>>> print(open('run_9.cif').read())   # mmCIF, C-alpha atoms, pLDDT in the B column; chains and numbers go by the auth columns
data_run
#
loop_
_atom_site.group_PDB
_atom_site.id
_atom_site.type_symbol
_atom_site.label_atom_id
_atom_site.label_comp_id
_atom_site.label_asym_id
_atom_site.label_seq_id
_atom_site.Cartn_x
_atom_site.Cartn_y
_atom_site.Cartn_z
_atom_site.B_iso_or_equiv
_atom_site.auth_seq_id
_atom_site.auth_asym_id
ATOM 1 C CA MET A 1 -19.018 -191.595 -19.094 92.00 1 A
ATOM 2 C CA GLY A 2 -21.556 -194.031 -17.720 97.00 2 A
ATOM 3 C CA LYS A 3 -23.485 -197.058 -18.764 98.00 3 A
ATOM 4 C CA LEU A 4 -27.279 -197.132 -18.906 98.00 4 A
ATOM 5 C CA THR A 5 -29.229 -200.374 -19.109 98.00 5 A
ATOM 6 C CA ILE A 6 -32.813 -200.106 -20.285 98.00 6 A
ATOM 7 C CA GLY A 7 -35.274 -202.987 -20.261 98.00 7 A
ATOM 8 C CA CYS A 8 -38.378 -202.434 -22.337 97.00 8 A
ATOM 9 C CA PHE A 9 -41.241 -204.935 -22.517 95.00 9 A
ATOM 10 C CA SER A 10 -43.780 -202.834 -24.404 93.00 10 A
ATOM 11 C CA SER A 11 -44.859 -203.275 -28.003 91.00 11 A
ATOM 12 C CA LEU A 12 -43.630 -201.173 -30.917 90.00 12 A
ATOM 13 C CA VAL A 13 -47.020 -200.096 -32.202 88.00 13 A
ATOM 14 C CA GLY A 14 -49.668 -199.787 -29.507 86.00 14 A
ATOM 15 C CA SER A 15 -47.457 -198.240 -26.874 90.00 15 A
ATOM 16 C CA MET A 16 -45.067 -195.292 -26.905 92.00 16 A
ATOM 17 C CA SER A 17 -42.736 -196.814 -24.305 94.00 17 A
ATOM 18 C CA LEU A 18 -40.376 -198.220 -26.939 95.00 18 A
ATOM 19 C CA ASP A 19 -40.278 -194.834 -28.645 95.00 19 A
ATOM 20 C CA PHE A 20 -39.299 -193.302 -25.320 95.00 20 A
ATOM 21 C CA ALA A 21 -36.666 -195.984 -24.679 97.00 21 A
ATOM 22 C CA VAL A 22 -35.049 -195.444 -28.086 97.00 22 A
ATOM 23 C CA LYS A 23 -35.199 -191.639 -27.750 96.00 23 A
ATOM 24 C CA LEU A 24 -33.579 -191.864 -24.336 97.00 24 A
ATOM 25 C CA SER A 25 -30.917 -194.212 -25.726 98.00 25 A
ATOM 26 C CA GLU A 26 -30.194 -191.758 -28.519 98.00 26 A
ATOM 27 C CA ALA A 27 -29.827 -188.870 -26.067 98.00 27 A
ATOM 28 C CA ALA A 28 -27.529 -190.899 -23.813 98.00 28 A
ATOM 29 C CA VAL A 29 -25.317 -192.087 -26.685 98.00 29 A
ATOM 30 C CA LYS A 30 -25.048 -188.530 -28.018 98.00 30 A
ATOM 31 C CA LYS A 31 -23.729 -187.507 -24.611 97.00 31 A
ATOM 32 C CA GLY A 32 -21.096 -190.231 -24.830 97.00 32 A
ATOM 33 C CA HIS A 33 -22.700 -192.809 -22.579 98.00 33 A
ATOM 34 C CA GLU A 34 -23.038 -196.501 -23.368 98.00 34 A
ATOM 35 C CA VAL A 35 -26.512 -197.995 -23.558 98.00 35 A
ATOM 36 C CA ASP A 36 -27.730 -201.582 -23.424 98.00 36 A
ATOM 37 C CA LEU A 37 -31.349 -201.986 -24.503 98.00 37 A
ATOM 38 C CA TRP A 38 -33.002 -205.264 -23.529 98.00 38 A
ATOM 39 C CA LEU A 39 -36.222 -206.151 -25.327 98.00 39 A
ATOM 40 C CA SER A 40 -38.524 -208.690 -23.767 97.00 40 A
ATOM 41 C CA GLY A 41 -42.195 -209.605 -24.129 95.00 41 A
ATOM 42 C CA ASN A 42 -43.882 -207.597 -26.875 94.00 42 A
ATOM 43 C CA GLY A 43 -40.798 -205.372 -27.052 96.00 43 A
ATOM 44 C CA THR A 44 -39.081 -208.024 -29.158 97.00 44 A
ATOM 45 C CA MET A 45 -41.055 -206.939 -32.222 95.00 45 A
ATOM 46 C CA LEU A 46 -38.787 -203.896 -32.490 96.00 46 A
ATOM 47 C CA GLY A 47 -36.173 -206.112 -34.132 95.00 47 A
ATOM 48 C CA LYS A 48 -38.465 -207.690 -36.704 96.00 48 A
ATOM 49 C CA LYS A 49 -37.402 -207.379 -40.317 96.00 49 A
ATOM 50 C CA GLY A 50 -39.669 -205.872 -42.941 93.00 50 A
ATOM 51 C CA GLN A 51 -41.256 -203.079 -40.942 93.00 51 A
ATOM 52 C CA SER A 52 -42.969 -200.356 -42.938 91.00 52 A
ATOM 53 C CA LYS A 53 -42.674 -196.676 -42.316 91.00 53 A
ATOM 54 C CA PHE A 54 -46.257 -195.422 -42.339 92.00 54 A
ATOM 55 C CA ARG A 55 -47.299 -191.980 -41.267 89.00 55 A
ATOM 56 C CA ASP A 56 -48.493 -191.916 -37.645 87.00 56 A
ATOM 57 C CA TYR A 57 -47.146 -195.394 -36.865 91.00 57 A
ATOM 58 C CA SER A 58 -43.957 -195.632 -34.865 91.00 58 A
ATOM 59 C CA TYR A 59 -40.920 -196.542 -36.947 94.00 59 A
ATOM 60 C CA LEU A 60 -37.682 -196.708 -34.970 95.00 60 A
ATOM 61 C CA MET A 61 -35.415 -198.831 -37.130 95.00 61 A
ATOM 62 C CA GLY A 62 -33.588 -195.890 -38.702 95.00 62 A
ATOM 63 C CA THR A 63 -32.597 -194.514 -35.309 96.00 63 A
ATOM 64 C CA VAL A 64 -31.773 -197.962 -33.985 97.00 64 A
ATOM 65 C CA LYS A 65 -29.401 -198.686 -36.879 97.00 65 A
ATOM 66 C CA GLU A 66 -27.627 -195.364 -36.360 98.00 66 A
ATOM 67 C CA LEU A 67 -27.269 -196.184 -32.683 98.00 67 A
ATOM 68 C CA ILE A 68 -25.839 -199.623 -33.445 98.00 68 A
ATOM 69 C CA GLU A 69 -23.315 -198.025 -35.813 97.00 69 A
ATOM 70 C CA SER A 70 -22.186 -195.682 -33.024 98.00 70 A
ATOM 71 C CA GLY A 71 -20.580 -198.642 -31.249 97.00 71 A
ATOM 72 C CA LYS A 72 -21.966 -197.409 -27.943 98.00 72 A
ATOM 73 C CA PHE A 73 -25.307 -199.155 -28.157 98.00 73 A
ATOM 74 C CA LYS A 74 -26.221 -202.802 -27.792 98.00 74 A
ATOM 75 C CA ILE A 75 -29.745 -203.991 -28.446 98.00 75 A
ATOM 76 C CA THR A 76 -30.740 -207.515 -27.538 98.00 76 A
ATOM 77 C CA ASN A 77 -33.923 -209.519 -27.886 98.00 77 A
ATOM 78 C CA CYS A 78 -35.079 -212.069 -25.352 97.00 78 A
ATOM 79 C CA GLU A 79 -34.723 -215.292 -27.299 97.00 79 A
ATOM 80 C CA ALA A 80 -37.705 -217.068 -25.748 96.00 80 A
ATOM 81 C CA CYS A 81 -40.024 -214.048 -26.013 97.00 81 A
ATOM 82 C CA ALA A 82 -39.087 -213.551 -29.671 97.00 82 A
ATOM 83 C CA LYS A 83 -39.363 -217.203 -30.652 97.00 83 A
ATOM 84 C CA ALA A 84 -42.737 -217.446 -28.920 96.00 84 A
ATOM 85 C CA ARG A 85 -43.878 -214.695 -31.288 96.00 85 A
ATOM 86 C CA GLY A 86 -42.444 -216.406 -34.352 97.00 86 A
ATOM 87 C CA ILE A 87 -39.420 -214.113 -34.530 97.00 87 A
ATOM 88 C CA GLY A 88 -36.264 -216.151 -35.072 96.00 88 A
ATOM 89 C CA ARG A 89 -32.735 -215.062 -35.987 96.00 89 A
ATOM 90 C CA GLU A 90 -33.670 -215.112 -39.686 97.00 90 A
ATOM 91 C CA ASP A 91 -36.532 -212.682 -38.971 97.00 91 A
ATOM 92 C CA THR A 92 -34.398 -210.290 -36.940 97.00 92 A
ATOM 93 C CA GLU A 93 -32.585 -207.233 -38.233 96.00 93 A
ATOM 94 C CA GLU A 94 -28.788 -207.361 -38.396 96.00 94 A
ATOM 95 C CA GLY A 95 -27.111 -205.864 -35.357 97.00 95 A
ATOM 96 C CA PHE A 96 -29.648 -207.132 -32.865 98.00 96 A
ATOM 97 C CA GLY A 97 -28.374 -209.579 -30.283 98.00 97 A
ATOM 98 C CA ILE A 98 -30.426 -212.546 -29.160 98.00 98 A
ATOM 99 C CA ALA A 99 -29.913 -213.857 -25.646 98.00 99 A
ATOM 100 C CA SER A 100 -31.546 -215.392 -22.622 97.00 100 A
ATOM 101 C CA MET A 101 -32.807 -213.348 -19.687 97.00 101 A
ATOM 102 C CA ASP A 102 -29.598 -213.634 -17.712 97.00 102 A
ATOM 103 C CA TRP A 103 -28.000 -211.289 -20.294 98.00 103 A
ATOM 104 C CA TYR A 104 -30.239 -208.498 -19.010 98.00 104 A
ATOM 105 C CA LEU A 105 -29.305 -209.144 -15.401 98.00 105 A
ATOM 106 C CA ALA A 106 -25.614 -209.209 -16.304 98.00 106 A
ATOM 107 C CA SER A 107 -26.025 -205.907 -18.130 98.00 107 A
ATOM 108 C CA ALA A 108 -27.794 -204.459 -15.079 98.00 108 A
ATOM 109 C CA PHE A 109 -24.926 -205.712 -12.934 97.00 109 A
ATOM 110 C CA GLY A 110 -22.475 -203.524 -14.815 96.00 110 A
ATOM 111 C CA ALA A 111 -24.745 -200.520 -15.278 98.00 111 A
ATOM 112 C CA ASP A 112 -24.549 -197.208 -13.500 97.00 112 A
ATOM 113 C CA ARG A 113 -28.302 -196.821 -13.903 97.00 113 A
ATOM 114 C CA VAL A 114 -31.099 -199.220 -14.845 97.00 114 A
ATOM 115 C CA LEU A 115 -34.403 -198.078 -16.274 96.00 115 A
ATOM 116 C CA HIS A 116 -36.945 -200.859 -16.412 95.00 116 A
ATOM 117 C CA ILE A 117 -40.148 -200.383 -18.394 90.00 117 A
ATOM 118 C CA GLY A 118 -42.116 -203.452 -17.457 76.00 118 A
ATOM 119 C CA GLY A 119 -44.732 -203.577 -20.150 73.00 119 A
ATOM 120 C CA GLU A 120 -48.373 -202.794 -20.494 70.00 120 A
ATOM 121 C CA MET B 1 -15.761 -209.444 -6.630 81.00 1 B
ATOM 122 C CA ALA B 2 -19.150 -207.855 -6.153 95.00 2 B
ATOM 123 C CA ILE B 3 -22.733 -208.777 -5.459 96.00 3 B
ATOM 124 C CA LYS B 4 -25.444 -206.543 -6.905 97.00 4 B
ATOM 125 C CA LYS B 5 -28.898 -206.740 -5.414 98.00 5 B
ATOM 126 C CA ILE B 6 -31.799 -206.462 -7.834 98.00 6 B
ATOM 127 C CA ALA B 7 -35.347 -206.104 -6.528 98.00 7 B
ATOM 128 C CA PHE B 8 -38.103 -207.419 -8.800 98.00 8 B
ATOM 129 C CA ILE B 9 -41.252 -205.660 -7.653 97.00 9 B
ATOM 130 C CA VAL B 10 -44.484 -207.203 -8.913 97.00 10 B
ATOM 131 C CA GLU B 11 -47.465 -204.887 -8.681 96.00 11 B
ATOM 132 C CA LYS B 12 -49.599 -206.090 -11.580 95.00 12 B
ATOM 133 C CA LEU B 13 -52.315 -208.723 -11.681 95.00 13 B
ATOM 134 C CA PRO B 14 -51.615 -212.295 -12.793 95.00 14 B
ATOM 135 C CA TYR B 15 -52.835 -213.438 -16.230 95.00 15 B
ATOM 136 C CA LYS B 16 -54.030 -209.989 -17.310 91.00 16 B
ATOM 137 C CA SER B 17 -50.714 -209.536 -19.096 90.00 17 B
ATOM 138 C CA GLU B 18 -47.468 -211.485 -19.120 92.00 18 B
ATOM 139 C CA THR B 19 -45.779 -208.871 -16.934 93.00 19 B
ATOM 140 C CA SER B 20 -45.738 -210.739 -13.640 94.00 20 B
ATOM 141 C CA ARG B 21 -44.656 -213.956 -15.340 95.00 21 B
ATOM 142 C CA LEU B 22 -41.691 -212.117 -16.846 96.00 22 B
ATOM 143 C CA ALA B 23 -40.795 -210.775 -13.404 96.00 23 B
ATOM 144 C CA LEU B 24 -40.531 -214.325 -12.139 97.00 24 B
ATOM 145 C CA THR B 25 -38.640 -215.708 -15.122 97.00 25 B
ATOM 146 C CA HIS B 26 -36.179 -212.809 -15.077 97.00 26 B
ATOM 147 C CA ALA B 27 -35.636 -213.214 -11.321 98.00 27 B
ATOM 148 C CA ILE B 28 -35.068 -216.935 -11.766 97.00 28 B
ATOM 149 C CA ALA B 29 -32.602 -216.167 -14.589 97.00 29 B
ATOM 150 C CA SER B 30 -30.309 -214.801 -11.878 96.00 30 B
ATOM 151 C CA GLN B 31 -29.335 -218.437 -11.321 95.00 31 B
ATOM 152 C CA THR B 32 -27.356 -218.458 -14.564 96.00 32 B
ATOM 153 C CA VAL B 33 -26.144 -214.852 -14.731 97.00 33 B
ATOM 154 C CA GLU B 34 -22.655 -215.854 -13.548 95.00 34 B
ATOM 155 C CA ILE B 35 -21.786 -217.129 -17.025 95.00 35 B
ATOM 156 C CA HIS B 36 -21.777 -213.497 -18.186 96.00 36 B
ATOM 157 C CA LEU B 37 -19.812 -212.097 -15.220 96.00 37 B
ATOM 158 C CA GLU B 38 -16.296 -212.135 -13.821 95.00 38 B
ATOM 159 C CA ASP B 39 -15.404 -214.769 -11.236 95.00 39 B
ATOM 160 C CA GLY B 40 -16.894 -213.884 -7.866 95.00 40 B
ATOM 161 C CA ASP B 41 -19.424 -211.431 -9.250 97.00 41 B
ATOM 162 C CA ASN B 42 -23.089 -212.252 -8.960 97.00 42 B
ATOM 163 C CA VAL B 43 -26.622 -210.935 -8.780 97.00 43 B
ATOM 164 C CA GLU B 44 -28.764 -211.378 -5.687 97.00 44 B
ATOM 165 C CA PRO B 45 -32.459 -211.140 -6.509 98.00 45 B
ATOM 166 C CA VAL B 46 -35.369 -210.409 -4.228 98.00 46 B
ATOM 167 C CA LEU B 47 -38.935 -210.910 -5.425 98.00 47 B
ATOM 168 C CA ILE B 48 -41.425 -208.516 -3.886 98.00 48 B
ATOM 169 C CA PHE B 49 -45.191 -208.657 -4.329 98.00 49 B
ATOM 170 C CA VAL B 50 -47.151 -205.511 -3.522 98.00 50 B
ATOM 171 C CA GLY B 51 -50.558 -204.029 -4.320 98.00 51 B
ATOM 172 C CA GLU B 52 -52.567 -206.126 -6.772 97.00 52 B
ATOM 173 C CA GLY B 53 -49.376 -208.075 -7.338 98.00 53 B
ATOM 174 C CA VAL B 54 -50.026 -210.106 -4.185 98.00 54 B
ATOM 175 C CA LEU B 55 -52.768 -211.914 -6.138 98.00 55 B
ATOM 176 C CA ASN B 56 -49.994 -213.644 -8.125 98.00 56 B
ATOM 177 C CA CYS B 57 -49.257 -215.623 -4.962 98.00 57 B
ATOM 178 C CA LEU B 58 -52.675 -217.256 -4.549 98.00 58 B
ATOM 179 C CA LYS B 59 -52.730 -220.999 -3.985 97.00 59 B
ATOM 180 C CA ASP B 60 -54.448 -223.586 -6.187 97.00 60 B
ATOM 181 C CA GLN B 61 -54.112 -221.726 -9.471 98.00 61 B
ATOM 182 C CA LYS B 62 -55.467 -223.598 -12.504 96.00 62 B
ATOM 183 C CA ALA B 63 -53.576 -221.833 -15.272 95.00 63 B
ATOM 184 C CA LEU B 64 -52.247 -225.074 -16.718 94.00 64 B
ATOM 185 C CA ASP B 65 -55.738 -226.525 -16.996 95.00 65 B
ATOM 186 C CA ILE B 66 -57.426 -223.399 -18.289 93.00 66 B
ATOM 187 C CA TYR B 67 -54.782 -221.538 -20.304 93.00 67 B
ATOM 188 C CA GLY B 68 -52.226 -224.305 -20.860 95.00 68 B
ATOM 189 C CA VAL B 69 -49.477 -222.262 -19.250 94.00 69 B
ATOM 190 C CA THR B 70 -47.433 -222.775 -16.098 96.00 70 B
ATOM 191 C CA SER B 71 -49.139 -221.034 -13.214 97.00 71 B
ATOM 192 C CA LEU B 72 -47.609 -218.124 -11.368 97.00 72 B
ATOM 193 C CA GLU B 73 -47.955 -220.328 -8.301 98.00 73 B
ATOM 194 C CA MET B 74 -45.577 -222.855 -9.848 97.00 74 B
ATOM 195 C CA HIS B 75 -43.130 -220.133 -10.872 97.00 75 B
ATOM 196 C CA ILE B 76 -43.113 -218.864 -7.275 98.00 76 B
ATOM 197 C CA LYS B 77 -42.493 -222.397 -6.024 98.00 77 B
ATOM 198 C CA ASN B 78 -39.583 -222.678 -8.452 97.00 78 B
ATOM 199 C CA ALA B 79 -38.201 -219.407 -7.116 98.00 79 B
ATOM 200 C CA LEU B 80 -38.443 -220.736 -3.557 98.00 80 B
ATOM 201 C CA LEU B 81 -36.835 -223.995 -4.625 98.00 81 B
ATOM 202 C CA LEU B 82 -33.900 -221.957 -5.935 97.00 82 B
ATOM 203 C CA ASP B 83 -33.647 -220.132 -2.582 97.00 83 B
ATOM 204 C CA LEU B 84 -34.762 -216.779 -3.926 98.00 84 B
ATOM 205 C CA LYS B 85 -35.970 -214.337 -1.300 98.00 85 B
ATOM 206 C CA VAL B 86 -39.723 -213.823 -1.756 98.00 86 B
ATOM 207 C CA GLN B 87 -41.534 -211.095 0.145 98.00 87 B
ATOM 208 C CA VAL B 88 -45.263 -210.349 0.157 98.00 88 B
ATOM 209 C CA CYS B 89 -46.686 -207.136 1.573 98.00 89 B
ATOM 210 C CA LYS B 90 -48.844 -207.917 4.615 98.00 90 B
ATOM 211 C CA GLU B 91 -50.928 -204.752 4.388 98.00 91 B
ATOM 212 C CA ASP B 92 -51.826 -205.508 0.783 98.00 92 B
ATOM 213 C CA LEU B 93 -52.722 -209.104 1.649 98.00 93 B
ATOM 214 C CA ASP B 94 -54.932 -207.784 4.439 98.00 94 B
ATOM 215 C CA GLY B 95 -56.535 -205.398 1.982 98.00 95 B
ATOM 216 C CA PHE B 96 -57.730 -208.314 -0.115 98.00 96 B
ATOM 217 C CA GLY B 97 -58.836 -210.289 2.938 98.00 97 B
ATOM 218 C CA LEU B 98 -56.034 -212.800 2.344 98.00 98 B
ATOM 219 C CA THR B 99 -53.817 -214.556 4.850 97.00 99 B
ATOM 220 C CA GLU B 100 -50.737 -216.773 4.743 97.00 100 B
ATOM 221 C CA ASP B 101 -53.142 -219.696 4.288 97.00 101 B
ATOM 222 C CA SER B 102 -54.315 -218.188 1.005 98.00 102 B
ATOM 223 C CA ILE B 103 -50.923 -217.903 -0.679 98.00 103 B
ATOM 224 C CA VAL B 104 -47.888 -219.924 -1.684 98.00 104 B
ATOM 225 C CA MET B 105 -45.701 -220.049 1.400 98.00 105 B
ATOM 226 C CA ASP B 106 -43.302 -222.849 0.524 97.00 106 B
ATOM 227 C CA ALA B 107 -42.210 -225.377 -2.076 97.00 107 B
ATOM 228 C CA GLU B 108 -41.753 -228.313 0.258 96.00 108 B
ATOM 229 C CA GLU B 109 -43.313 -230.819 -2.136 96.00 109 B
ATOM 230 C CA ILE B 110 -40.558 -230.171 -4.701 96.00 110 B
ATOM 231 C CA GLY B 111 -37.745 -229.963 -2.157 97.00 111 B
ATOM 232 C CA GLY B 112 -37.704 -226.247 -1.427 96.00 112 B
ATOM 233 C CA GLU B 113 -36.410 -225.122 1.940 96.00 113 B
ATOM 234 C CA VAL B 114 -36.948 -221.372 1.724 97.00 114 B
ATOM 235 C CA THR B 115 -40.346 -219.932 2.643 98.00 115 B
ATOM 236 C CA THR B 116 -42.245 -216.842 1.577 98.00 116 B
ATOM 237 C CA GLU B 117 -41.916 -213.889 3.923 98.00 117 B
ATOM 238 C CA VAL B 118 -45.133 -212.007 4.640 98.00 118 B
ATOM 239 C CA VAL B 119 -43.844 -208.698 5.919 98.00 119 B
ATOM 240 C CA PRO B 120 -45.135 -205.187 6.669 98.00 120 B
ATOM 241 C CA TYR B 121 -44.375 -202.485 4.144 97.00 121 B
ATOM 242 C CA ASP B 122 -41.591 -201.157 6.369 98.00 122 B
ATOM 243 C CA GLU B 123 -39.631 -204.340 5.701 98.00 123 B
ATOM 244 C CA ILE B 124 -40.284 -204.100 1.985 98.00 124 B
ATOM 245 C CA GLN B 125 -39.050 -200.530 2.069 98.00 125 B
ATOM 246 C CA LYS B 126 -35.805 -201.798 3.612 98.00 126 B
ATOM 247 C CA SER B 127 -35.401 -204.316 0.792 98.00 127 B
ATOM 248 C CA LEU B 128 -35.962 -201.568 -1.769 98.00 128 B
ATOM 249 C CA GLU B 129 -33.396 -199.350 -0.102 98.00 129 B
ATOM 250 C CA ALA B 130 -30.879 -202.207 0.047 98.00 130 B
ATOM 251 C CA ALA B 131 -31.225 -202.961 -3.670 98.00 131 B
ATOM 252 C CA ASP B 132 -28.753 -201.633 -6.237 98.00 132 B
ATOM 253 C CA HIS B 133 -31.421 -201.704 -8.945 97.00 133 B
ATOM 254 C CA LEU B 134 -35.219 -201.793 -8.895 97.00 134 B
ATOM 255 C CA MET B 135 -37.305 -203.393 -11.619 96.00 135 B
ATOM 256 C CA PHE B 136 -41.048 -202.766 -11.456 95.00 136 B
ATOM 257 C CA PHE B 137 -43.268 -205.270 -13.219 94.00 137 B
#
>>> encode(input="run_9.cif", output="structure tokens")
Amino acid sequence: MGKLTIGCFSSLVGSMSLDFAVKLSEAAVKKGHEVDLWLSGNGTMLGKKGQSKFRDYSYLMGTVKELIESGKFKITNCEACAKARGIGREDTEEGFGIASMDWYLASAFGADRVLHIGGE
Amino acid sequence: MAIKKIAFIVEKLPYKSETSRLALTHAIASQTVEIHLEDGDNVEPVLIFVGEGVLNCLKDQKALDIYGVTSLEMHIKNALLLDLKVQVCKEDLDGFGLTEDSIVMDAEEIGGEVTTEVVPYDEIQKSLEAADHLMFF
């Protein structure tokens, strides 16, 4: 089985790129692959606590938590990008990592494939 | 022991979004990636500006004065100071009527020794082919 590293810089609501990234992660994990998902820029809002599940607004936390529980999925916020948006550790859902940008490059180093979604 | 080449390709405008800034900060983060890797392993970045992305390289940016943020120019100088390979597509510069005199070519004033490479697309294609991973910003 392989390892996929995905970097996603797009916002949760306002872009469907995060939805795609999480869907792709789910498909890869179901096939037995490992996935690292790096969230930078507006992508960091995916980890914010207190999100509401409204009809027609993207809500990914349920899938993300299932993926984290699988043990084959790591999801990590860019610390600087999150803090700049007022999202600290205390505002972040359990299971999300928080790291500096070199974490993403290290993950890419060990990945069989890298999919980078650079933001809107 | 392994070296993985990562190409950071910047094709978006400066200051319209934070995309190009994040390309530069992620590329510069390669300087500390070793702390996450085994001894001898490392990442070798190359920064490539193509299309509208070449406008990130313009000289005399005033982002600090106007927006209160570090300019892309300064980020590029920092990249050069750290000996990152920086390539700018000549055809795309020509398309905007720009020359080497219009863009950041070095970081001499802060001690940088590496210079920007203005190269034809063929050379950029070689860098893309040599990279293990491509990241488009």
>>> resolve_selection(input="run_9.cif", expression="the PyMOL selection byres ((chain A and resi 68) around 12)", output="list in words")
Val22, Ser25, Glu26, Val29, Glu34, Val35, Asp36, Leu37, Met61, Gly62, Thr63, Val64, Lys65, Glu66, Leu67, Glu69, Ser70, Gly71, Lys72, Phe73, Lys74, Ile75, Thr76, Glu93, Glu94, Gly95, Phe96 and Gly97 of chain A
>>> resolve_selection(input="run_9.cif", expression="the PyMOL selection byres ((chain A) within 6 of (chain B))", output="VMD selection string")
chain A and resid 101 to 102 106 116 118
>>> write_last_selection(input="run_9.cif", atoms="C-alpha atoms", output="compact mmCIF listing (two decimals), in the coordinates of the input")
# COMPACT_ATOMS: atom_id res chain seq x y z
CA MET A 101 -32.81 -213.35 -19.69
CA ASP A 102 -29.60 -213.63 -17.71
CA ALA A 106 -25.61 -209.21 -16.30
CA HIS A 116 -36.94 -200.86 -16.41
CA GLY A 118 -42.12 -203.45 -17.46
>>> atom_distance(input="run_9.cif", atom1="atom CA of B:Val104", atom2="atom CA of B:Glu123")
19.1 Å
>>> residues_around(input="run_9.cif", residues="B:Asp122", least_positions_apart="5", cutoff="10 Å", atoms="all atoms listed in the file", output="PyMOL selection string")
chain B and resi 89+127-128
>>> write_last_selection(input="run_9.cif", atoms="C-alpha atoms", output="CSV table (one decimal), keeping the file's coordinate frame")
chain,number,residue,atom,x,y,z
B,89,CYS,CA,-46.7,-207.1,1.6
B,127,SER,CA,-35.4,-204.3,0.8
B,128,LEU,CA,-36.0,-201.6,-1.8
>>> resolve_selection(input="run_9.cif", expression="the PyMOL selection byres ((chain A and resi 1) around 10)", output="VMD selection string")
chain A and resid 2 to 4 28 to 29 31 to 34 112
>>> closest_residue(input="run_9.cif", among="B:Leu93, B:Val69, B:Val86, B:Leu98", to="B:Gly51", atoms="only C-alpha atoms")
B:Leu93
>>> closest_residue(input="run_9.cif", among="B:Met1, B:Glu11, B:Asp39, B:Val54", to="B:Ser102", atoms="all atoms listed in the file")
B:Val54
>>> atom_distance(input="run_9.cif", atom1="atom CA of A:Ser52", atom2="atom CA of A:Thr5")
27.5 Å
>>> atom_distance(input="run_9.cif", atom1="atom CA of A:Arg89", atom2="atom CA of A:Met45")
12.2 Å
>>> closest_residue(input="run_9.cif", among="B:Glu91, B:Tyr67, B:Ile9, B:Lys77", to="B:Gly53", atoms="all atoms listed in the file")
B:Ile9
>>> closest_residue(input="run_9.cif", among="A:Leu60, A:Cys78, A:Leu105, A:Ile98", to="A:Val13", atoms="only C-alpha atoms")
A:Leu60
>>> closest_residue(input="run_9.cif", among="B:Val50, B:Asp60, B:Phe8, B:Asp83", to="B:Pro120", atoms="only C-alpha atoms")
B:Val50
>>> residues_near_point(input="run_9.cif", point="(-52.2, -218.1, -16.0)", cutoff="9 Å", atoms="all atoms listed in the file", output="PyMOL selection string")
chain B and resi 14-16+18+21+61-64+66-72
